[in-house]
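Report on one structure; see the data block that follows.
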Amino acid sequence: MVSMEIDDSKPLNIFFGPGTVDQLTNIFNRHHAKNVFLVTGTQSFDSCTADSNLTSILSGVKFNRHSHQGSYTSTEDLESALSVFGTDEFDLIIAVGGGRVIDLAKLVRFFSNPESNVRDYLKNQIPFRLTGAPPLVALPTTAGSGSEVTQFAVIYLDNLKYSVSDRSLLPDYAIVDPALTFNMPATVAASSGMDALSQAIESYWSTRSNTESRGYSRESILLAMQFLKESVLEGSREAREGMAKAALLAGKAINITTTTAPHAISYPLTTIHGVPHGHAVALTLGALFVHNAGVDEDDVNDARGAAYVKKSISEINELLGCPSDIASRNMLRELMQSIGLETDLRKIGVSNRADVDAIIEQINVERLRNNPRDLTRDDLQEILLELCGGIS
Ligand SMILES: [Fe+2]
């Protein structure tokens with residue numbers, strides 16, 4: 001693990017609620033911020049600032065804006081951001097965007113030491129010492145990845161997904177102002193909302209769940225069930241606020257547990273078939289309900305045993321308002337369809353066995369270990385083929 005000279009013992013400061021973006025002024029004052037490195041998305045930044053004071057707050061400081069393009073963060077994206085970061089002395093890093101934007105800002109700070117080497121670190125986990133890195137403020141514009149409250153960041157090297165995990169990746173401040181999501185397009189609300197719901201569910205059944213993580217998951221699931229559909233179809237401010245909170249809580253939950261099989265399977269669906277992250281995760285979530293509910297002592301991964309896992313799944317069914325795992329699967333499929341997300345893998349380009357095999361080849365094995373029930377290659381094949389309508 002990387003050792004830190006900056007203070008990583010202090011807790012993350014979280015501000016939640018409409019208007020909390022104003023907290024940025026206090027943060028600027030506290031850190032005497034004069035020169036800010038600002039990481040944003042391309043369009044989300046302009047649309048999110050319409051309903052907030054963000055633009056006028058930022059006008060009080062000098063900033064260098066780095067726009068992150070693309071649907072995920074590649075090593076080349078990070079190296080390009082680092083080359084800009086290295087040209088000046090910044091006293092604060094601010095990320096305004098979805099999960100990939102916040103992840104990029106976390107990684108810029110993490111690898112800001114000129115002696116660090118991203119590729120060496122990813123391939124060999126060669127540790128380095130992080131010194132003098134400026135504080136990081138994360139403002140999510142989607143609801144969402146929860147990246148603003150996690151110590152993970154996703155990055156791709158040569159099309160392979162890596163999850164960097166280190167306490168020092170955690171931002172110093174998370175400002176979750178739902179007003180930043182009021183102009184989020186419905187398609188983004190749908191995909192990011194399913195990410196939040198999936199993360200809450202996966203965290204609940206994770207082998208690493210505990211009382212605290214389950215408390216966050218429980219509240220997150222209930223909020224998502226209440227507000228996700230309305231957030232997408234009507235975009236009401238109340239629903240957007242509800243989903244902002246659901247996403248924040250799900251982020252806190254996975255920061256304790258990490259994610260499980262639906263996330264592990266999702267990454268190749270994004271890299272090979274271009275499916276947005278939350279949509280890609282949700283595609284197999286229902287099938288994993290049924291798979292995990294069938295656990296027994298021979299294939300259980302959770303040290304608390306198969307009966308414990310079965311009870312957990314029943315509790316999630318209850319939170320979703322469903323009487324069984326099959327009912328939960330069906331409800332999730334209908335929910336996805338009602339918010340405009342395709343559920344048939346063939347329609348996103350998985351049309352034959354070779355496509356299924358290519359996905360399985362790139363599945364993140366590490367995240368599969370957190371899944372409460374083992375997943376063999378045959379299990380994965382069966383799940384994916386079924387989602388393709390049983391192609392042969
Ligand atoms: Fe996610």
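Every chain in the structure tokens has a letter given in the order shown (A, B, ...), and although residue numbers restart at 1 in each chain, ligands are simply numbered from 1 in the order shown.
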Hey, could you make a per-residue contact list for chain A against ligand 1 with 9 Å as the cut-off, showing the nearest pair of atoms and its distance in Å to one decimal, counting only C-alpha atoms and all ligand atoms, sorted by chain and number, as a tab-separated table?
```
residue	atom	partner	partner_atom_place_in_ligand_line	distance
A:Gly99	CA	ligand 1	1 (Fe)	8.3
A:Gly144	CA	ligand 1	1 (Fe)	7.9
A:Ser145	CA	ligand 1	1 (Fe)	5.2
A:Gly146	CA	ligand 1	1 (Fe)	7.9
A:Ser147	CA	ligand 1	1 (Fe)	8.6
A:Ser192	CA	ligand 1	1 (Fe)	8.1
A:Met194	CA	ligand 1	1 (Fe)	8.7
A:Asp195	CA	ligand 1	1 (Fe)	5.0
A:Ala196	CA	ligand 1	1 (Fe)	6.8
A:Ser198	CA	ligand 1	1 (Fe)	7.4
A:Gln199	CA	ligand 1	1 (Fe)	6.1
A:Gly251	CA	ligand 1	1 (Fe)	8.8
A:Thr259	CA	ligand 1	1 (Fe)	7.7
A:His263	CA	ligand 1	1 (Fe)	6.5
A:Ser266	CA	ligand 1	1 (Fe)	8.9
A:His277	CA	ligand 1	1 (Fe)	6.6
A:Gly278	CA	ligand 1	1 (Fe)	6.1
A:Val281	CA	ligand 1	1 (Fe)	7.0
```
Discussion item. Just want the 10 Å neighbourhood of Thr73 (chain A), counted on only C-alpha atoms, with same-chain residues fewer than 5 positions away dropped. Output as a ChimeraX atom specification.
Written reply: /A:68,78,99-101,103-104,107,153-157,161
Keeping only N, CA, C and O atoms, write those residues as a PDB file, in the first residue's frame.
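The new file result-v7.pdb reads:
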```pdb
ATOM      1  N   HIS A  68     -12.855  15.644 -19.563  1.00  0.00           N
ATOM      2  CA  HIS A  68     -12.641  14.213 -19.792  1.00  0.00           C
ATOM      3  C   HIS A  68     -13.642  13.705 -20.822  1.00  0.00           C
ATOM      4  O   HIS A  68     -14.851  13.779 -20.613  1.00  0.00           O
ATOM      5  N   LEU A  78      -5.509   9.453 -18.421  1.00  0.00           N
ATOM      6  CA  LEU A  78      -4.871   9.865 -17.172  1.00  0.00           C
ATOM      7  C   LEU A  78      -3.537  10.545 -17.449  1.00  0.00           C
ATOM      8  O   LEU A  78      -3.226  11.598 -16.875  1.00  0.00           O
ATOM      9  N   GLY A  99     -19.096   9.426 -12.493  1.00  0.00           N
ATOM     10  CA  GLY A  99     -18.101   8.576 -11.857  1.00  0.00           C
ATOM     11  C   GLY A  99     -16.757   8.574 -12.552  1.00  0.00           C
ATOM     12  O   GLY A  99     -15.710   8.640 -11.902  1.00  0.00           O
ATOM     13  N   ARG A 100     -16.751   8.553 -13.894  1.00  0.00           N
ATOM     14  CA  ARG A 100     -15.462   8.467 -14.590  1.00  0.00           C
ATOM     15  C   ARG A 100     -14.666   9.763 -14.423  1.00  0.00           C
ATOM     16  O   ARG A 100     -13.439   9.748 -14.364  1.00  0.00           O
ATOM     17  N   VAL A 101     -15.374  10.906 -14.334  1.00  0.00           N
ATOM     18  CA  VAL A 101     -14.694  12.192 -14.135  1.00  0.00           C
ATOM     19  C   VAL A 101     -14.092  12.243 -12.729  1.00  0.00           C
ATOM     20  O   VAL A 101     -12.929  12.634 -12.539  1.00  0.00           O
ATOM     21  N   ASP A 103     -13.375   9.674 -10.848  1.00  0.00           N
ATOM     22  CA  ASP A 103     -12.281   8.681 -10.817  1.00  0.00           C
ATOM     23  C   ASP A 103     -11.001   9.276 -11.409  1.00  0.00           C
ATOM     24  O   ASP A 103      -9.905   9.087 -10.865  1.00  0.00           O
ATOM     25  N   LEU A 104     -11.143   9.997 -12.518  1.00  0.00           N
ATOM     26  CA  LEU A 104      -9.950  10.580 -13.157  1.00  0.00           C
ATOM     27  C   LEU A 104      -9.275  11.568 -12.208  1.00  0.00           C
ATOM     28  O   LEU A 104      -8.049  11.551 -12.049  1.00  0.00           O
ATOM     29  N   LEU A 107      -7.424   9.793  -9.537  1.00  0.00           N
ATOM     30  CA  LEU A 107      -6.182   9.193 -10.050  1.00  0.00           C
ATOM     31  C   LEU A 107      -5.119  10.249 -10.325  1.00  0.00           C
ATOM     32  O   LEU A 107      -3.925   9.999 -10.135  1.00  0.00           O
ATOM     33  N   ALA A 153     -10.872   3.631  -7.812  1.00  0.00           N
ATOM     34  CA  ALA A 153     -10.994   4.313  -9.096  1.00  0.00           C
ATOM     35  C   ALA A 153     -10.745   3.286 -10.187  1.00  0.00           C
ATOM     36  O   ALA A 153      -9.837   2.455 -10.082  1.00  0.00           O
ATOM     37  N   VAL A 154     -11.575   3.347 -11.219  1.00  0.00           N
ATOM     38  CA  VAL A 154     -11.462   2.401 -12.319  1.00  0.00           C
ATOM     39  C   VAL A 154     -10.667   3.035 -13.456  1.00  0.00           C
ATOM     40  O   VAL A 154     -10.875   4.186 -13.822  1.00  0.00           O
ATOM     41  N   ILE A 155      -9.743   2.253 -14.000  1.00  0.00           N
ATOM     42  CA  ILE A 155      -8.931   2.725 -15.127  1.00  0.00           C
ATOM     43  C   ILE A 155      -8.654   1.529 -16.041  1.00  0.00           C
ATOM     44  O   ILE A 155      -8.596   0.386 -15.571  1.00  0.00           O
ATOM     45  N   TYR A 156      -8.506   1.799 -17.331  1.00  0.00           N
ATOM     46  CA  TYR A 156      -8.251   0.728 -18.292  1.00  0.00           C
ATOM     47  C   TYR A 156      -6.855   0.892 -18.878  1.00  0.00           C
ATOM     48  O   TYR A 156      -6.432   2.007 -19.213  1.00  0.00           O
ATOM     49  N   LEU A 157      -6.161  -0.213 -18.952  1.00  0.00           N
ATOM     50  CA  LEU A 157      -4.857  -0.239 -19.612  1.00  0.00           C
ATOM     51  C   LEU A 157      -4.897  -1.365 -20.636  1.00  0.00           C
ATOM     52  O   LEU A 157      -5.192  -2.515 -20.278  1.00  0.00           O
ATOM     53  N   LYS A 161      -9.491  -3.812 -17.499  1.00  0.00           N
ATOM     54  CA  LYS A 161      -9.951  -2.956 -16.421  1.00  0.00           C
ATOM     55  C   LYS A 161      -9.138  -3.199 -15.152  1.00  0.00           C
ATOM     56  O   LYS A 161      -8.918  -4.331 -14.742  1.00  0.00           O
TER      57      LYS A 161
END
```
List the neighbours of region 23-29 of chain A out to 9 Å using only C-alpha atoms; skip same-chain residues closer than 4 positions along the sequence, and give me the result as a PDB file with N, CA and C atoms, in the first residue's frame.
```pdb
ATOM      1  N   PHE A  15     -21.133  16.921   2.259  1.00  0.00           N
ATOM      2  CA  PHE A  15     -22.218  17.901   2.307  1.00  0.00           C
ATOM      3  C   PHE A  15     -23.303  17.414   1.362  1.00  0.00           C
ATOM      4  N   GLY A  19     -28.152  23.377  -2.808  1.00  0.00           N
ATOM      5  CA  GLY A  19     -27.456  24.594  -2.376  1.00  0.00           C
ATOM      6  C   GLY A  19     -26.120  24.327  -1.700  1.00  0.00           C
ATOM      7  N   ALA A  33      -7.311  28.723  -1.509  1.00  0.00           N
ATOM      8  CA  ALA A  33      -7.221  28.267  -2.902  1.00  0.00           C
ATOM      9  C   ALA A  33      -7.220  29.447  -3.869  1.00  0.00           C
ATOM     10  N   LYS A  34      -6.201  29.474  -4.684  1.00  0.00           N
ATOM     11  CA  LYS A  34      -6.113  30.539  -5.703  1.00  0.00           C
ATOM     12  C   LYS A  34      -6.005  29.941  -7.103  1.00  0.00           C
ATOM     13  N   LEU A  54     -22.457  27.358  -9.158  1.00  0.00           N
ATOM     14  CA  LEU A  54     -21.099  26.857  -9.387  1.00  0.00           C
ATOM     15  C   LEU A  54     -20.261  27.805 -10.242  1.00  0.00           C
ATOM     16  N   ILE A  57     -19.210  30.844  -8.294  1.00  0.00           N
ATOM     17  CA  ILE A  57     -18.233  30.498  -7.249  1.00  0.00           C
ATOM     18  C   ILE A  57     -16.847  30.301  -7.873  1.00  0.00           C
ATOM     19  N   LEU A  58     -16.822  29.601  -9.010  1.00  0.00           N
ATOM     20  CA  LEU A  58     -15.534  29.339  -9.662  1.00  0.00           C
ATOM     21  C   LEU A  58     -14.914  30.612 -10.243  1.00  0.00           C
ATOM     22  N   GLY A  60     -14.379  33.159  -8.831  1.00  0.00           N
ATOM     23  CA  GLY A  60     -13.544  33.810  -7.810  1.00  0.00           C
ATOM     24  C   GLY A  60     -12.128  33.273  -7.745  1.00  0.00           C
ATOM     25  N   VAL A  61     -11.847  32.229  -8.497  1.00  0.00           N
ATOM     26  CA  VAL A  61     -10.477  31.669  -8.477  1.00  0.00           C
ATOM     27  C   VAL A  61      -9.971  31.455  -9.902  1.00  0.00           C
ATOM     28  N   LEU A  92      -5.743  23.098  -5.152  1.00  0.00           N
ATOM     29  CA  LEU A  92      -6.983  22.332  -4.948  1.00  0.00           C
ATOM     30  C   LEU A  92      -7.324  21.610  -6.255  1.00  0.00           C
ATOM     31  N   VAL A 137     -11.884  17.872  -4.030  1.00  0.00           N
ATOM     32  CA  VAL A 137     -13.312  18.077  -3.792  1.00  0.00           C
ATOM     33  C   VAL A 137     -14.067  17.410  -4.935  1.00  0.00           C
ATOM     34  N   TYR A 173     -13.391  16.134   0.297  1.00  0.00           N
ATOM     35  CA  TYR A 173     -14.745  16.683   0.421  1.00  0.00           C
ATOM     36  C   TYR A 173     -15.626  16.085  -0.673  1.00  0.00           C
ATOM     37  N   ILE A 175     -19.313  17.015  -2.191  1.00  0.00           N
ATOM     38  CA  ILE A 175     -20.459  17.932  -2.168  1.00  0.00           C
ATOM     39  C   ILE A 175     -21.516  17.332  -3.088  1.00  0.00           C
TER      40      ILE A 175
END
```
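CA of Met243 (chain A) is found 7.2 Å from CA of Ser231 (chain A).
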| query | Using only C-alpha atoms, which residues sit within 12 Å of Asn159 (chain A) once same-chain residues fewer than 4 positions away are excluded, as a list in words? | reply |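 In the requested format, the answer is Tyr72, Thr73, Ser74, Thr75, Glu76, Val154, Ile155, Tyr267, Pro268, Leu269, Thr270, Thr271, Ile272, Gln362 and Ile363 of chain A.
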Output N, CA and C atoms for every residue in that selection, as a PDB file, in the first residue's frame.
```pdb
ATOM      1  N   TYR A  72     -15.102   5.801 -20.676  1.00  0.00           N
ATOM      2  CA  TYR A  72     -14.365   5.277 -19.527  1.00  0.00           C
ATOM      3  C   TYR A  72     -12.993   5.939 -19.485  1.00  0.00           C
ATOM      4  N   THR A  73     -12.238   5.667 -18.409  1.00  0.00           N
ATOM      5  CA  THR A  73     -10.940   6.331 -18.241  1.00  0.00           C
ATOM      6  C   THR A  73      -9.818   5.382 -18.645  1.00  0.00           C
ATOM      7  N   SER A  74      -9.109   5.760 -19.684  1.00  0.00           N
ATOM      8  CA  SER A  74      -7.968   4.935 -20.105  1.00  0.00           C
ATOM      9  C   SER A  74      -6.687   5.504 -19.486  1.00  0.00           C
ATOM     10  N   THR A  75      -5.644   4.708 -19.528  1.00  0.00           N
ATOM     11  CA  THR A  75      -4.350   5.169 -19.029  1.00  0.00           C
ATOM     12  C   THR A  75      -3.886   6.394 -19.820  1.00  0.00           C
ATOM     13  N   GLU A  76      -4.206   6.423 -21.118  1.00  0.00           N
ATOM     14  CA  GLU A  76      -3.834   7.579 -21.948  1.00  0.00           C
ATOM     15  C   GLU A  76      -4.567   8.838 -21.458  1.00  0.00           C
ATOM     16  N   VAL A 154     -11.575   3.347 -11.219  1.00  0.00           N
ATOM     17  CA  VAL A 154     -11.462   2.401 -12.319  1.00  0.00           C
ATOM     18  C   VAL A 154     -10.667   3.035 -13.456  1.00  0.00           C
ATOM     19  N   ILE A 155      -9.743   2.253 -14.000  1.00  0.00           N
ATOM     20  CA  ILE A 155      -8.931   2.725 -15.127  1.00  0.00           C
ATOM     21  C   ILE A 155      -8.654   1.529 -16.041  1.00  0.00           C
ATOM     22  N   TYR A 267     -17.850  -5.023 -17.035  1.00  0.00           N
ATOM     23  CA  TYR A 267     -16.765  -4.258 -17.665  1.00  0.00           C
ATOM     24  C   TYR A 267     -16.566  -4.598 -19.146  1.00  0.00           C
ATOM     25  N   PRO A 268     -16.543  -5.901 -19.527  1.00  0.00           N
ATOM     26  CA  PRO A 268     -16.426  -6.166 -20.963  1.00  0.00           C
ATOM     27  C   PRO A 268     -17.656  -5.721 -21.766  1.00  0.00           C
ATOM     28  N   LEU A 269     -18.830  -5.677 -21.123  1.00  0.00           N
ATOM     29  CA  LEU A 269     -20.004  -5.186 -21.850  1.00  0.00           C
ATOM     30  C   LEU A 269     -19.815  -3.713 -22.210  1.00  0.00           C
ATOM     31  N   THR A 270     -19.068  -2.999 -21.371  1.00  0.00           N
ATOM     32  CA  THR A 270     -18.774  -1.590 -21.658  1.00  0.00           C
ATOM     33  C   THR A 270     -17.652  -1.458 -22.678  1.00  0.00           C
ATOM     34  N   THR A 271     -16.556  -2.200 -22.453  1.00  0.00           N
ATOM     35  CA  THR A 271     -15.411  -2.010 -23.358  1.00  0.00           C
ATOM     36  C   THR A 271     -15.649  -2.618 -24.740  1.00  0.00           C
ATOM     37  N   ILE A 272     -16.290  -3.796 -24.782  1.00  0.00           N
ATOM     38  CA  ILE A 272     -16.477  -4.447 -26.087  1.00  0.00           C
ATOM     39  C   ILE A 272     -17.713  -3.900 -26.799  1.00  0.00           C
ATOM     40  N   GLN A 362     -12.851 -11.686 -20.394  1.00  0.00           N
ATOM     41  CA  GLN A 362     -12.386 -10.425 -19.783  1.00  0.00           C
ATOM     42  C   GLN A 362     -13.051 -10.123 -18.447  1.00  0.00           C
ATOM     43  N   ILE A 363     -13.726 -11.106 -17.879  1.00  0.00           N
ATOM     44  CA  ILE A 363     -14.431 -10.833 -16.616  1.00  0.00           C
ATOM     45  C   ILE A 363     -13.456 -10.685 -15.453  1.00  0.00           C
TER      46      ILE A 363
END
```
### Message
For Asp374 (chain A), find every residue with an atom within 8 Å (counting only C-alpha atoms), except residues of its own chain fewer than 5 positions away, and show them as a PyMOL selection string.
### Response
chain A and resi 299-301+368-369
Go ahead and save the picked residues with all heavy atoms, as a PDB file, in the first residue's frame.
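Below is the file that was written, selection.pdb:
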```
ATOM      1  N   ASP A 299     -21.128 -24.444  -2.642  1.00  0.00           N
ATOM      2  CA  ASP A 299     -20.648 -23.353  -3.506  1.00  0.00           C
ATOM      3  C   ASP A 299     -20.763 -21.970  -2.858  1.00  0.00           C
ATOM      4  O   ASP A 299     -20.640 -20.960  -3.537  1.00  0.00           O
ATOM      5  CB  ASP A 299     -21.350 -23.378  -4.873  1.00  0.00           C
ATOM      6  CG  ASP A 299     -22.864 -23.311  -4.764  1.00  0.00           C
ATOM      7  OD1 ASP A 299     -23.369 -22.882  -3.706  1.00  0.00           O
ATOM      8  OD2 ASP A 299     -23.545 -23.673  -5.745  1.00  0.00           O
ATOM      9  N   VAL A 300     -20.977 -21.948  -1.532  1.00  0.00           N
ATOM     10  CA  VAL A 300     -21.106 -20.650  -0.861  1.00  0.00           C
ATOM     11  C   VAL A 300     -19.728 -20.006  -0.673  1.00  0.00           C
ATOM     12  O   VAL A 300     -18.756 -20.687  -0.352  1.00  0.00           O
ATOM     13  CB  VAL A 300     -21.856 -20.792   0.488  1.00  0.00           C
ATOM     14  CG1 VAL A 300     -21.030 -21.575   1.502  1.00  0.00           C
ATOM     15  CG2 VAL A 300     -22.242 -19.424   1.045  1.00  0.00           C
ATOM     16  N   ASN A 301     -19.637 -18.709  -0.928  1.00  0.00           N
ATOM     17  CA  ASN A 301     -18.387 -17.965  -0.730  1.00  0.00           C
ATOM     18  C   ASN A 301     -18.372 -17.212   0.589  1.00  0.00           C
ATOM     19  O   ASN A 301     -17.320 -16.750   1.018  1.00  0.00           O
ATOM     20  CB  ASN A 301     -18.213 -16.923  -1.846  1.00  0.00           C
ATOM     21  CG  ASN A 301     -17.558 -17.522  -3.068  1.00  0.00           C
ATOM     22  OD1 ASN A 301     -16.796 -18.474  -2.967  1.00  0.00           O
ATOM     23  ND2 ASN A 301     -17.872 -16.966  -4.225  1.00  0.00           N
ATOM     24  N   LEU A 368     -15.569 -11.277  -8.544  1.00  0.00           N
ATOM     25  CA  LEU A 368     -16.390 -12.495  -8.434  1.00  0.00           C
ATOM     26  C   LEU A 368     -16.217 -13.145  -7.072  1.00  0.00           C
ATOM     27  O   LEU A 368     -17.118 -13.804  -6.569  1.00  0.00           O
ATOM     28  CB  LEU A 368     -16.017 -13.509  -9.529  1.00  0.00           C
ATOM     29  CG  LEU A 368     -16.520 -13.223 -10.942  1.00  0.00           C
ATOM     30  CD1 LEU A 368     -16.041 -14.303 -11.898  1.00  0.00           C
ATOM     31  CD2 LEU A 368     -18.033 -13.126 -10.993  1.00  0.00           C
ATOM     32  N   ARG A 369     -15.051 -12.928  -6.459  1.00  0.00           N
ATOM     33  CA  ARG A 369     -14.803 -13.553  -5.155  1.00  0.00           C
ATOM     34  C   ARG A 369     -15.713 -12.974  -4.073  1.00  0.00           C
ATOM     35  O   ARG A 369     -15.957 -13.612  -3.063  1.00  0.00           O
ATOM     36  CB  ARG A 369     -13.336 -13.353  -4.745  1.00  0.00           C
ATOM     37  CG  ARG A 369     -12.393 -14.231  -5.532  1.00  0.00           C
ATOM     38  CD  ARG A 369     -11.008 -14.300  -4.910  1.00  0.00           C
ATOM     39  NE  ARG A 369     -10.048 -14.607  -5.956  1.00  0.00           N
ATOM     40  CZ  ARG A 369      -9.205 -13.729  -6.476  1.00  0.00           C
ATOM     41  NH1 ARG A 369      -9.158 -12.502  -6.023  1.00  0.00           N
ATOM     42  NH2 ARG A 369      -8.396 -14.077  -7.441  1.00  0.00           N
TER      43      ARG A 369
END
```
Open item on the list: Report, in Å with one decimal, the straight-line distance from CA of Tyr121 (chain A) to CA of Gly86 (chain A).
Closed with: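 Rounded to one decimal, the two atoms are 18.6 Å apart.
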Do you know which residues are at most 10 Å from Ile313 (chain A) counting only C-alpha atoms, after dropping those on the same chain fewer than 3 positions away, and could you put them as a list in words?
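Once the adjacent positions are removed, what remains is Ile201, Tyr204, Trp205, Phe289, Val290, Asn292, Ala293, Ala307, Tyr308, Val309, Lys310, Ile316, Asn317, Glu318, Leu319, Ser324, Asp325 and Ser328 of chain A.
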Since we have the selection now, will you write its residues out, keeping C-alpha atoms, as an mmCIF file, in the first residue's frame?
```cif
data_model
loop_
_atom_site.group_PDB
_atom_site.id
_atom_site.type_symbol
_atom_site.label_atom_id
_atom_site.label_comp_id
_atom_site.auth_asym_id
_atom_site.auth_seq_id
_atom_site.Cartn_x
_atom_site.Cartn_y
_atom_site.Cartn_z
ATOM 1 C CA ILE A 201 -28.091 -4.601 -3.773
ATOM 2 C CA TYR A 204 -26.096 -6.073 0.701
ATOM 3 C CA TRP A 205 -25.371 -9.599 -0.511
ATOM 4 C CA PHE A 289 -30.579 -12.792 -7.909
ATOM 5 C CA VAL A 290 -31.718 -16.203 -9.092
ATOM 6 C CA ASN A 292 -27.296 -16.392 -5.684
ATOM 7 C CA ALA A 293 -30.601 -17.573 -4.210
ATOM 8 C CA ALA A 307 -28.540 -20.147 5.043
ATOM 9 C CA TYR A 308 -27.244 -16.656 5.838
ATOM 10 C CA VAL A 309 -26.961 -15.805 2.127
ATOM 11 C CA LYS A 310 -30.472 -17.113 1.427
ATOM 12 C CA ILE A 316 -33.451 -7.770 -0.401
ATOM 13 C CA ASN A 317 -36.585 -9.230 -2.050
ATOM 14 C CA GLU A 318 -38.583 -7.660 0.750
ATOM 15 C CA LEU A 319 -36.884 -4.275 0.291
ATOM 16 C CA SER A 324 -39.168 -14.212 -4.354
ATOM 17 C CA ASP A 325 -35.881 -14.037 -6.249
ATOM 18 C CA SER A 328 -37.187 -9.634 -8.107
#
```
Closest of A:Ser220, A:Asn210, A:Asn35, A:Asn183 to Leu197 (chain A), counting only C-alpha atoms, is A:Ser220
Identify, on the basis of only C-alpha atoms, every residue whose closest approach to Val96 (chain A) does not exceed 6 Å; exclude the query and any residue fewer than 2 positions from it along the same chain; express the result as JSON, numbers by chain. {"A": [40, 139, 140]}
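Here CA of Ala280 (chain A) is placed at a distance of 20.0 Å from CA of Ala244 (chain A).
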request  = Using backbone DSSP assignments, extract all helix (DSSP H, G or I) residues from region 203-261 of chain A; output them as a PyMOL selection string.
outcome  = chain A and resi 203-205+211-233+237-257+261
Just the strand (DSSP E or B) stuff from region 20-64 of chain A, please, per backbone DSSP, written as a compact mmCIF listing (two decimals) with N, CA, C and O atoms, in the first residue's frame.
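Wrote selection26.txt, looks like this:
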```txt
# COMPACT_ATOMS: atom_id res chain seq x y z
N ASN A 35 -5.45 28.73 -7.16
CA ASN A 35 -5.23 28.10 -8.46
C ASN A 35 -5.77 26.67 -8.41
O ASN A 35 -5.23 25.82 -7.70
N VAL A 36 -6.84 26.42 -9.16
CA VAL A 36 -7.57 25.16 -9.03
C VAL A 36 -7.44 24.34 -10.31
O VAL A 36 -7.55 24.88 -11.41
N PHE A 37 -7.22 23.03 -10.13
CA PHE A 37 -7.26 22.11 -11.28
C PHE A 37 -8.67 21.52 -11.31
O PHE A 37 -9.09 20.82 -10.40
N LEU A 38 -9.39 21.84 -12.37
CA LEU A 38 -10.81 21.47 -12.47
C LEU A 38 -10.98 20.36 -13.51
O LEU A 38 -10.63 20.54 -14.68
N VAL A 39 -11.49 19.21 -13.06
CA VAL A 39 -11.73 18.10 -13.97
C VAL A 39 -13.24 18.01 -14.19
O VAL A 39 -14.01 17.96 -13.22
N THR A 40 -13.66 18.01 -15.44
CA THR A 40 -15.11 17.96 -15.74
C THR A 40 -15.38 16.98 -16.87
O THR A 40 -14.46 16.51 -17.53
N LYS A 62 -8.66 31.32 -10.00
CA LYS A 62 -8.07 30.97 -11.30
C LYS A 62 -8.17 29.44 -11.43
O LYS A 62 -7.87 28.73 -10.46
N PHE A 63 -8.66 28.96 -12.54
CA PHE A 63 -8.67 27.50 -12.68
C PHE A 63 -8.27 27.05 -14.08
O PHE A 63 -8.43 27.79 -15.05
N ASN A 64 -7.72 25.85 -14.12
CA ASN A 64 -7.36 25.22 -15.38
C ASN A 64 -8.31 24.04 -15.57
O ASN A 64 -8.30 23.10 -14.77
```
Selected residue of minimal separation from Ser112 (chain A) among A:Glu212, A:Glu79, A:Asp298, A:Asp378, counting only C-alpha atoms
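Using only C-alpha atoms, the shortest distance to Ser112 (chain A) belongs to A:Glu79.
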